[in-house]
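As stored in start06.txt (compact mmCIF, C-alpha atoms and all ligand atoms):
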```
# COMPACT_ATOMS: atom_id res chain seq x y z
CA ARG K 242 3.90 -20.85 -8.63
CA GLY K 243 5.17 -23.96 -6.87
CA ALA K 244 3.69 -26.13 -4.16
CA SER K 245 5.82 -24.47 -1.49
CA PHE K 246 4.27 -21.10 -2.31
CA HIS K 247 0.76 -22.48 -1.91
CA ARG K 248 1.72 -24.21 1.33
CA ALA K 249 3.08 -20.92 2.67
CA MET K 250 -0.16 -19.12 1.73
CA GLU K 251 -2.29 -21.78 3.42
CA GLU K 252 -0.27 -21.60 6.61
CA LYS K 253 -0.68 -17.84 6.84
CA MET K 254 -3.68 -17.08 9.01
CA PRO K 255 -6.43 -15.12 7.29
CA PRO K 256 -7.05 -11.64 8.69
CA THR K 257 -9.33 -11.69 11.71
CA GLY K 258 -11.59 -8.82 10.60
CA VAL K 259 -11.09 -7.24 14.01
CA PRO K 260 -10.44 -3.47 14.10
CA HIS K 261 -7.19 -2.77 16.00
CA PHE K 262 -6.66 0.37 18.04
CA VAL K 263 -3.68 2.16 16.44
CA GLY K 264 -3.58 5.43 18.37
CA LYS K 265 -5.28 8.63 19.35
CA LYS K 266 -6.43 10.74 16.44
CA GLU K 267 -4.41 13.82 17.52
CA GLU K 268 -1.22 11.76 17.85
CA LEU K 269 -1.62 10.21 14.42
CA ILE K 270 -2.37 13.59 12.86
CA GLU K 271 0.72 15.04 14.50
CA ALA K 272 2.89 12.11 13.35
CA LYS K 273 1.45 12.23 9.76
CA ARG K 274 2.96 8.76 9.08
CA SER K 275 2.81 5.96 11.63
CA PHE K 276 4.18 2.45 11.34
CA ARG K 277 2.27 -0.38 13.05
CA THR K 278 2.41 -4.17 12.99
CA LEU K 279 -1.05 -5.74 13.10
CA GLU K 280 -1.50 -9.51 13.10
CA GLY K 281 2.08 -9.82 11.88
CA ARG K 282 1.52 -7.41 8.98
CA ASP K 283 3.50 -4.15 8.67
CA ILE K 284 1.20 -1.25 7.94
CA LEU K 285 1.70 2.44 7.31
CA ILE K 286 -1.00 4.81 8.58
CA ILE K 287 -1.00 8.14 6.80
CA HIS K 288 -2.87 11.31 7.63
CA HIS K 289 -3.06 13.62 4.63
CA GLN K 290 -5.46 16.50 3.88
CA SER K 291 -7.72 15.51 6.80
CA VAL K 292 -8.06 11.88 5.72
CA PHE K 293 -6.54 8.71 7.19
CA TYR K 294 -5.22 5.94 4.96
CA ALA K 295 -3.69 2.58 5.85
CA VAL K 296 -1.51 0.77 3.32
CA ASP K 297 0.94 -2.13 3.34
CA SER K 298 4.21 -0.61 4.40
CA TYR K 299 6.44 -2.11 1.66
CA CYS K 300 6.15 -1.15 -1.98
CA TYR K 301 4.79 -3.89 -4.25
CA HIS K 302 7.62 -3.36 -6.74
CA ALA K 303 10.67 -4.41 -4.72
CA GLY K 304 9.74 -3.91 -1.08
CA GLY K 305 10.83 -0.26 -0.73
CA GLN K 306 9.76 1.50 2.47
CA LEU K 307 6.85 3.77 1.65
CA GLN K 308 7.09 5.63 4.95
CA ASN K 309 9.16 8.50 3.51
CA GLY K 310 7.47 8.68 0.12
CA ASP K 311 6.12 12.00 -1.13
CA ILE K 312 2.39 12.33 -1.69
CA GLU K 313 1.11 13.92 -4.89
CA GLU K 314 -2.15 14.11 -6.75
CA ILE K 315 -1.85 12.19 -10.03
CA ALA K 316 -4.71 11.92 -12.50
CA GLY K 317 -7.11 13.05 -9.76
CA LYS K 318 -5.85 10.46 -7.25
CA LEU K 319 -3.69 11.02 -4.21
CA CYS K 320 -0.65 8.83 -4.59
CA ILE K 321 2.35 7.94 -2.50
CA ILE K 322 5.56 7.82 -4.49
CA CYS K 323 7.94 5.09 -3.47
CA PRO K 324 11.35 6.64 -2.73
CA ASN K 325 13.20 3.73 -4.35
CA HIS K 326 12.17 3.75 -8.01
CA LYS K 327 9.33 6.32 -7.93
CA TYR K 328 6.43 3.97 -8.48
CA LYS K 329 3.12 5.75 -7.86
CA ILE K 330 0.50 4.07 -5.69
CA SER K 331 -2.95 5.51 -5.08
CA LEU K 332 -3.67 5.80 -1.38
CA ALA K 333 -7.38 5.07 -1.56
CA GLU K 334 -7.28 1.96 -3.79
CA GLY K 335 -3.66 0.80 -3.94
CA GLU K 336 -3.58 1.12 -7.71
CA GLY K 337 -0.26 1.25 -9.50
CA LEU K 338 -0.26 4.23 -11.87
CA TYR K 339 2.14 4.70 -14.74
CA LYS K 340 2.56 7.10 -17.64
CA ALA K 341 2.76 5.84 -21.19
CA ARG K 342 1.91 6.57 -24.79
CA ASP K 343 -0.69 4.56 -26.64
CA PRO K 344 0.99 3.78 -29.99
CA THR K 345 -2.39 3.12 -31.62
CA GLU K 346 -3.34 6.80 -31.25
CA GLU K 347 -2.71 9.02 -34.23
CA LYS K 348 -0.65 11.49 -32.15
CA PRO K 349 0.37 9.52 -29.06
CA VAL K 350 0.67 11.64 -25.94
CA ARG K 351 1.82 10.41 -22.57
CA ARG K 352 -1.10 9.71 -20.22
CA TRP K 353 -1.62 8.08 -16.87
CA TYR K 354 -2.79 4.49 -16.84
CA SER K 355 -3.64 2.11 -14.04
CA LYS K 356 -2.08 -1.32 -13.60
CA GLY K 357 -4.91 -2.24 -11.22
CA VAL K 358 -4.63 -2.85 -7.49
CA LYS K 359 -1.05 -3.69 -6.52
CA GLN K 360 -0.79 -2.51 -2.92
CA ARG K 361 -3.06 -3.81 -0.17
CA ILE K 362 -5.16 -1.08 1.45
CA HIS K 363 -6.73 -1.45 4.89
CA THR K 364 -9.77 0.15 6.49
CA VAL K 365 -9.41 3.01 8.95
CA THR K 366 -12.21 4.00 11.31
CA GLU K 367 -12.47 6.58 14.08
CA SER K 368 -14.49 6.55 17.24
CA ASN K 369 -14.37 9.15 20.04
CA GLY K 370 -10.89 10.31 19.09
CA ASP K 371 -9.52 6.76 18.79
CA VAL K 372 -8.37 5.38 15.46
CA TYR K 373 -8.69 1.73 14.41
CA VAL K 374 -7.40 -0.26 11.46
CA MET K 375 -8.99 -3.44 10.18
CA LEU K 376 -6.82 -5.48 7.83
CA SER K 377 -8.09 -5.96 4.30
CA GLN K 378 -10.05 -9.19 3.96
CA CYS K 379 -9.81 -9.34 0.20
CA SER K 380 -8.73 -12.95 -0.40
CA ASN K 381 -7.17 -12.27 -3.82
CA TRP K 382 -3.40 -12.21 -4.02
CA ILE K 383 -2.20 -8.60 -4.16
CA GLU K 384 1.41 -8.01 -5.13
CA SER K 385 2.40 -6.19 -1.93
CA ASP K 386 1.52 -9.43 -0.04
CA PHE K 387 4.82 -10.89 -1.16
CA PHE K 388 6.85 -8.47 0.99
CA GLN K 389 4.86 -9.37 4.10
CA GLY K 390 5.90 -13.03 3.84
CA GLU K 391 9.16 -14.69 4.94
CA LYS K 392 10.60 -14.80 1.44
CA GLY K 393 9.60 -11.21 0.79
CA LYS K 394 11.32 -10.09 3.99
CA VAL K 395 14.65 -11.27 2.62
CA GLU K 396 14.01 -9.56 -0.73
CA ARG K 397 12.88 -6.26 0.73
CA ALA K 398 16.04 -6.09 2.86
CA LYS K 399 17.94 -5.73 -0.44
CA ALA K 400 15.58 -3.04 -1.82
FE1 LIG K 501 9.14 0.91 -4.76
FE2 LIG K 501 10.79 0.01 -6.61
S1 LIG K 501 9.40 1.64 -6.74
S2 LIG K 501 10.64 -0.59 -4.57
```

Take the structure from the file and write it as structure tokens.
Ligand code: FES
Amino acid sequence: RGASFHRAMEEKMPPTGVPHFVGKKEELIEAKRSFRTLEGRDILIIHHQSVFYAVDSYCYHAGGQLQNGDIEEIAGKLCIICPNHKYKISLAEGEGLYKARDPTEEKPVRRWYSKGVKQRIHTVTESNGDVYVMLSQCSNWIESDFFQGEKGKVERAKA
């Protein structure tokens, strides 16, 4: 990656670590999916099977909008499926899951594998019926970060 990329990363302010009020619990449950912008980052808050999740709003693959993605359990993990090209992303960890055969097996069968964490996941907390989201403070580059930056904004508009 070039110098301009590193400059852009340095200029981006690190997350503050402050929990942001994102709504009343009942409202967010009713809405099921809620879009919020926190510290300049676009986040999707999901309520599914009595649990809240907060994920980067744009798919790590090509910036697709996850807001209307179906949710399914895959290999024991709840995943959102990007409507664009059907990539599967686990809601709890942001792992990219894919199905493949291992050619080294005697009788290869298709199984689910993880590509590791690809989508940034944020922390949701509740207090007295209010819901808060604190942005992930993991300083590693995670692929969905790209679509939160200026360059990524242009790319995701095409997705
Ligand atoms: Fe999400 Fe391609 S699968 S943009």

| task | Could you report the residues within 10 Å of ligand LIG 501 (chain K), using only C-alpha atoms and all ligand atoms, as an NGL selection string? | result | :K and (299-307 or 310 or 322-330 or 397 or 399-400)

| request: Mind checking which residues fall within 10 Å of range 368-375 of chain K, counting all atoms listed in the file, ignoring those fewer than 6 positions away in the same chain, and posting them as a ChimeraX atom specification? | output: /K:256-269,277,279,284,286,293-295,362

| Can you tell me how far CA of Leu338 in chain K sits from CA of Trp353 in chain K, in Å to one decimal? |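 Distance reported for this atom pair: 6.5 Å.
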
7 Å contact set for Gly337 in chain K, all atoms listed in the file, chain neighbours under 6 positions out, as a compact mmCIF listing (two decimals) with C-alpha atoms, in the frame of the given file:
```txt
# COMPACT_ATOMS: atom_id res chain seq x y z
CA LYS K 329 3.12 5.75 -7.86
CA ILE K 330 0.50 4.07 -5.69
CA SER K 331 -2.95 5.51 -5.08
CA SER K 355 -3.64 2.11 -14.04
CA LYS K 356 -2.08 -1.32 -13.60
CA GLY K 357 -4.91 -2.24 -11.22
CA VAL K 358 -4.63 -2.85 -7.49
CA LYS K 359 -1.05 -3.69 -6.52
```

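Residue nearest Thr366 in chain K within the list K:Ala316, K:Val292, K:Leu285, K:Ala333: K:Val292 [criterion: smallest interatomic distance, all atoms listed in the file].
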
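CA of Asp283 in chain K is positioned 10.4 Å from CA of Gly390 in chain K.
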
| What separation in Å, quoted to one decimal, exists between CA of Met254 in chain K and CA of Gln378 in chain K? |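 Separating CA of Met254 in chain K from CA of Gln378 in chain K is a distance of 11.3 Å.
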
| Proximity to Asp297 in chain K - best of K:Asp311, K:Thr278, K:Glu396, K:Gln360, only C-alpha atoms | K:Gln360

| task | Counting only C-alpha atoms, figure out which residue out of K:Ile270, K:Leu376, K:Ala341, K:Pro349 gets nearest to Thr364 in chain K. | result |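 Among K:Ile270, K:Leu376, K:Ala341, K:Pro349, it is K:Leu376 that comes nearest to Thr364 in chain K.
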
| request: Identify which of the residues K:Val395, K:Ile383, K:Ile287, K:Ile312 lies closest to Arg361 in chain K, counting all atoms listed in the file when measuring atom-to-atom distances. | output: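 Under the stated criterion, the closest residue is K:Ile383.
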
| task | Name the closest residue to Leu332 in chain K among the candidates K:Ala272, K:Val350, K:Cys320, K:Ile315; distances are taken between atoms, counting only C-alpha atoms. | result |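 Of K:Ala272, K:Val350, K:Cys320, K:Ile315, the one nearest Leu332 in chain K, counting only C-alpha atoms, is K:Cys320.
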
Could you add the missing atoms to range 273-292 of chain K, up to N, CA and C atoms, and return them as a PDB file, keeping the file's coordinate frame?
```pdb
ATOM      1  N   LYS K 273       1.689  12.300  11.221  1.00  0.00           N
ATOM      2  CA  LYS K 273       1.450  12.230   9.760  1.00  0.00           C
ATOM      3  C   LYS K 273       1.628  10.809   9.199  1.00  0.00           C
ATOM      4  N   ARG K 274       2.726  10.145   9.540  1.00  0.00           N
ATOM      5  CA  ARG K 274       2.960   8.760   9.080  1.00  0.00           C
ATOM      6  C   ARG K 274       3.262   7.925  10.325  1.00  0.00           C
ATOM      7  N   SER K 275       2.589   6.814  10.461  1.00  0.00           N
ATOM      8  CA  SER K 275       2.810   5.960  11.630  1.00  0.00           C
ATOM      9  C   SER K 275       2.921   4.512  11.173  1.00  0.00           C
ATOM     10  N   PHE K 276       3.929   3.848  11.690  1.00  0.00           N
ATOM     11  CA  PHE K 276       4.180   2.450  11.340  1.00  0.00           C
ATOM     12  C   PHE K 276       3.583   1.571  12.436  1.00  0.00           C
ATOM     13  N   ARG K 277       2.825   0.548  12.061  1.00  0.00           N
ATOM     14  CA  ARG K 277       2.270  -0.380  13.050  1.00  0.00           C
ATOM     15  C   ARG K 277       2.375  -1.802  12.497  1.00  0.00           C
ATOM     16  N   THR K 278       2.478  -2.767  13.399  1.00  0.00           N
ATOM     17  CA  THR K 278       2.410  -4.170  12.990  1.00  0.00           C
ATOM     18  C   THR K 278       1.136  -4.763  13.562  1.00  0.00           C
ATOM     19  N   LEU K 279       0.249  -5.193  12.684  1.00  0.00           N
ATOM     20  CA  LEU K 279      -1.050  -5.740  13.100  1.00  0.00           C
ATOM     21  C   LEU K 279      -1.157  -7.166  12.586  1.00  0.00           C
ATOM     22  N   GLU K 280      -1.377  -8.090  13.481  1.00  0.00           N
ATOM     23  CA  GLU K 280      -1.500  -9.510  13.100  1.00  0.00           C
ATOM     24  C   GLU K 280      -0.309  -9.945  12.247  1.00  0.00           C
ATOM     25  N   GLY K 281       0.861  -9.431  12.588  1.00  0.00           N
ATOM     26  CA  GLY K 281       2.080  -9.820  11.880  1.00  0.00           C
ATOM     27  C   GLY K 281       2.289  -9.088  10.562  1.00  0.00           C
ATOM     28  N   ARG K 282       1.426  -8.132  10.255  1.00  0.00           N
ATOM     29  CA  ARG K 282       1.520  -7.410   8.980  1.00  0.00           C
ATOM     30  C   ARG K 282       1.995  -5.980   9.255  1.00  0.00           C
ATOM     31  N   ASP K 283       2.963  -5.502   8.459  1.00  0.00           N
ATOM     32  CA  ASP K 283       3.500  -4.150   8.670  1.00  0.00           C
ATOM     33  C   ASP K 283       2.716  -3.151   7.824  1.00  0.00           C
ATOM     34  N   ILE K 284       2.171  -2.181   8.527  1.00  0.00           N
ATOM     35  CA  ILE K 284       1.200  -1.250   7.940  1.00  0.00           C
ATOM     36  C   ILE K 284       1.697   0.184   8.138  1.00  0.00           C
ATOM     37  N   LEU K 285       1.401   1.016   7.173  1.00  0.00           N
ATOM     38  CA  LEU K 285       1.700   2.440   7.310  1.00  0.00           C
ATOM     39  C   LEU K 285       0.367   3.189   7.383  1.00  0.00           C
ATOM     40  N   ILE K 286       0.214   3.986   8.441  1.00  0.00           N
ATOM     41  CA  ILE K 286      -1.000   4.810   8.580  1.00  0.00           C
ATOM     42  C   ILE K 286      -0.598   6.234   8.225  1.00  0.00           C
ATOM     43  N   ILE K 287      -1.334   6.811   7.313  1.00  0.00           N
ATOM     44  CA  ILE K 287      -1.000   8.140   6.800  1.00  0.00           C
ATOM     45  C   ILE K 287      -2.162   9.081   7.072  1.00  0.00           C
ATOM     46  N   HIS K 288      -1.833  10.281   7.547  1.00  0.00           N
ATOM     47  CA  HIS K 288      -2.870  11.310   7.630  1.00  0.00           C
ATOM     48  C   HIS K 288      -2.494  12.401   6.648  1.00  0.00           C
ATOM     49  N   HIS K 289      -3.369  12.648   5.691  1.00  0.00           N
ATOM     50  CA  HIS K 289      -3.060  13.620   4.630  1.00  0.00           C
ATOM     51  C   HIS K 289      -4.343  14.336   4.237  1.00  0.00           C
ATOM     52  N   GLN K 290      -4.292  15.669   4.234  1.00  0.00           N
ATOM     53  CA  GLN K 290      -5.460  16.500   3.880  1.00  0.00           C
ATOM     54  C   GLN K 290      -6.715  16.014   4.595  1.00  0.00           C
ATOM     55  N   SER K 291      -6.590  15.848   5.902  1.00  0.00           N
ATOM     56  CA  SER K 291      -7.720  15.510   6.800  1.00  0.00           C
ATOM     57  C   SER K 291      -8.278  14.097   6.628  1.00  0.00           C
ATOM     58  N   VAL K 292      -7.563  13.245   5.913  1.00  0.00           N
ATOM     59  CA  VAL K 292      -8.060  11.880   5.720  1.00  0.00           C
ATOM     60  C   VAL K 292      -6.984  10.886   6.184  1.00  0.00           C
TER      61      VAL K 292
END
```
